[in-house]
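Here is the structure we will look at.
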Amino acid sequence: MSVSAVCPGSFDPITNGHLDVVERAAARFDHVVVAVLVNPGKAGLFPIDDRLDLIRRTVGHLDNVQVESFEGLLVDFCRAQGIGLICKGLRAVSDFEYELQMAQMNQRIGDVETVFLSTSPEWSYLSSSLVKEVARLGGRIEGTVPPLVEQAIRAQFDRSG
Ligand code: PNS
């Protein structure tokens, strides 16, 4: 039996923590769809097409990973893909409360189950928001995101001054 999973998120932009979870999911599931939320109410640093491009270039070495965007409910995206499993990373207990709520809601409204991978300890402090803040304020983000993402973040802040 082939098992597929959806790894959803905002990915604004993808970090080494995200990559760790996607790589480990790809090693354990037959097929993984990275699903990037299109949130019309929140512009973010990168437009959706740029996020997709950065993720695709970052996961290019993983043959069984596909990268797509979605709007609306995650469970509707899962249904459209024919996938009944969400896979997410858990960094800390502080993540757990909200993630559990979402998992239970997705189970209820879409009969979609969620499995959690514990984030590798080296990335447990990492978030896209923190990386962006550090970069915006001139700090070093080297090693927290893939090199091509680091370049893209720098370019984005150079553009915006
Ligand atoms: O990277 P993030 O921002 O933590 O990802 C959150 C995401 C995209 C997984 C979550 O916000 C989501 O699933 N949004 C889609 C809308 C939806 O289905 N909402 C109901 C969740 S129970």
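Chains: A, B, ... in order of the structure tokens. Residues: from 1 per chain. Ligands: from 1, in order shown.
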
Spatial neighbours of range 93-98 of chain A, 12 Å, only C-alpha atoms, chain gap at least 4 places, as number ranges by chain: A: 88-89, 102-105, 115-119, 124-125, 127

Neighbour list for Ile83 in chain A as a list in words, cut-off 8 Å, only C-alpha atoms, skip fewer than 3 positions in-chain: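 Neighbouring residues, sequence-local ones excluded: Ser4, Ala5, Val6, Cys78, Arg79 and Ala80 of chain A.
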
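Nearest to ligand 1 of all the residues A:Gln66, A:Gln81, A:Thr58, A:Asn106 is A:Asn106, based on only C-alpha atoms and all ligand atoms.
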
Enumerate as a PDB file with C-alpha atoms, in the first residue's frame the residues within 6 Å of ligand 1, counting only C-alpha atoms and all ligand atoms.
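File written: out_9.pdb
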ATOM      1  CA  PRO A   8       1.404  22.218   4.843  1.00  0.00           C
ATOM      2  CA  GLY A   9       2.627  25.646   5.879  1.00  0.00           C
ATOM      3  CA  SER A  10       3.191  29.275   5.006  1.00  0.00           C
ATOM      4  CA  PHE A  11       6.852  28.719   4.076  1.00  0.00           C
ATOM      5  CA  LEU A  37      -1.025  28.368   1.942  1.00  0.00           C
ATOM      6  CA  GLY A  72      -9.067  27.774   1.602  1.00  0.00           C
ATOM      7  CA  LEU A  73      -9.309  24.748   3.839  1.00  0.00           C
ATOM      8  CA  LEU A  74      -6.388  22.369   4.073  1.00  0.00           C
ATOM      9  CA  MET A 102      -5.904  22.025  14.176  1.00  0.00           C
ATOM     10  CA  MET A 105     -10.497  20.027  13.715  1.00  0.00           C
ATOM     11  CA  ASN A 106      -9.096  18.600  10.477  1.00  0.00           C
TER      12      ASN A 106
END

DSSP-assigned strand (DSSP E or B) members of chain A, reported as a VMD selection string: chain A and resid 4 to 9 31 to 37 65 to 70 85 to 90 113 to 118 142 145

Pick from A:His61, A:Lys132, A:Arg24, A:Lys42, whichever lies nearest to Glu150 in chain A using only C-alpha atoms: A:Lys132

Spatial neighbours of Ile55 in chain A, 10 Å, only C-alpha atoms, chain gap at least 5 places, as a PyMOL selection string: chain A and resi 11-15+18-19+34+36+49-50+60+66-68+146+148-149

Expected answer as a VMD selection string: helix (DSSP H, G or I) residues in chain A: chain A and resid 16 to 28 48 to 58 74 to 81 93 to 110 121 to 123 128 to 136 147 to 160

Atomic separation - CA of Val75 in chain A relative to CA of Pro40 in chain A, Å: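 It comes out at 18.2 Å.
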
All residues 12 Å or closer to Phe157 in chain A, only C-alpha atoms, same chain fewer than 5 positions away omitted, as a PDB file with C-alpha atoms, in the first residue's frame:
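Okay, this is what ended up in around22.pdb:
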ATOM      1  CA  LEU A  45       7.832  38.735   2.574  1.00  0.00           C
ATOM      2  CA  PHE A  46       7.699  36.538  -0.524  1.00  0.00           C
ATOM      3  CA  LYS A 132      13.240  37.397   8.649  1.00  0.00           C
ATOM      4  CA  GLU A 133      13.510  39.640  11.698  1.00  0.00           C
ATOM      5  CA  VAL A 134      17.194  38.862  12.196  1.00  0.00           C
ATOM      6  CA  ALA A 135      17.899  39.451   8.497  1.00  0.00           C
ATOM      7  CA  ARG A 136      15.917  42.696   8.468  1.00  0.00           C
ATOM      8  CA  LEU A 137      17.934  44.003  11.406  1.00  0.00           C
ATOM      9  CA  GLY A 138      21.244  43.070   9.800  1.00  0.00           C
ATOM     10  CA  GLU A 150      19.494  33.279   2.244  1.00  0.00           C
ATOM     11  CA  GLN A 151      20.355  35.033  -1.023  1.00  0.00           C
ATOM     12  CA  ALA A 152      16.675  35.608  -1.783  1.00  0.00           C
TER      13      ALA A 152
END

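CA of His31 in chain A is positioned 6.1 Å from CA of Val65 in chain A.
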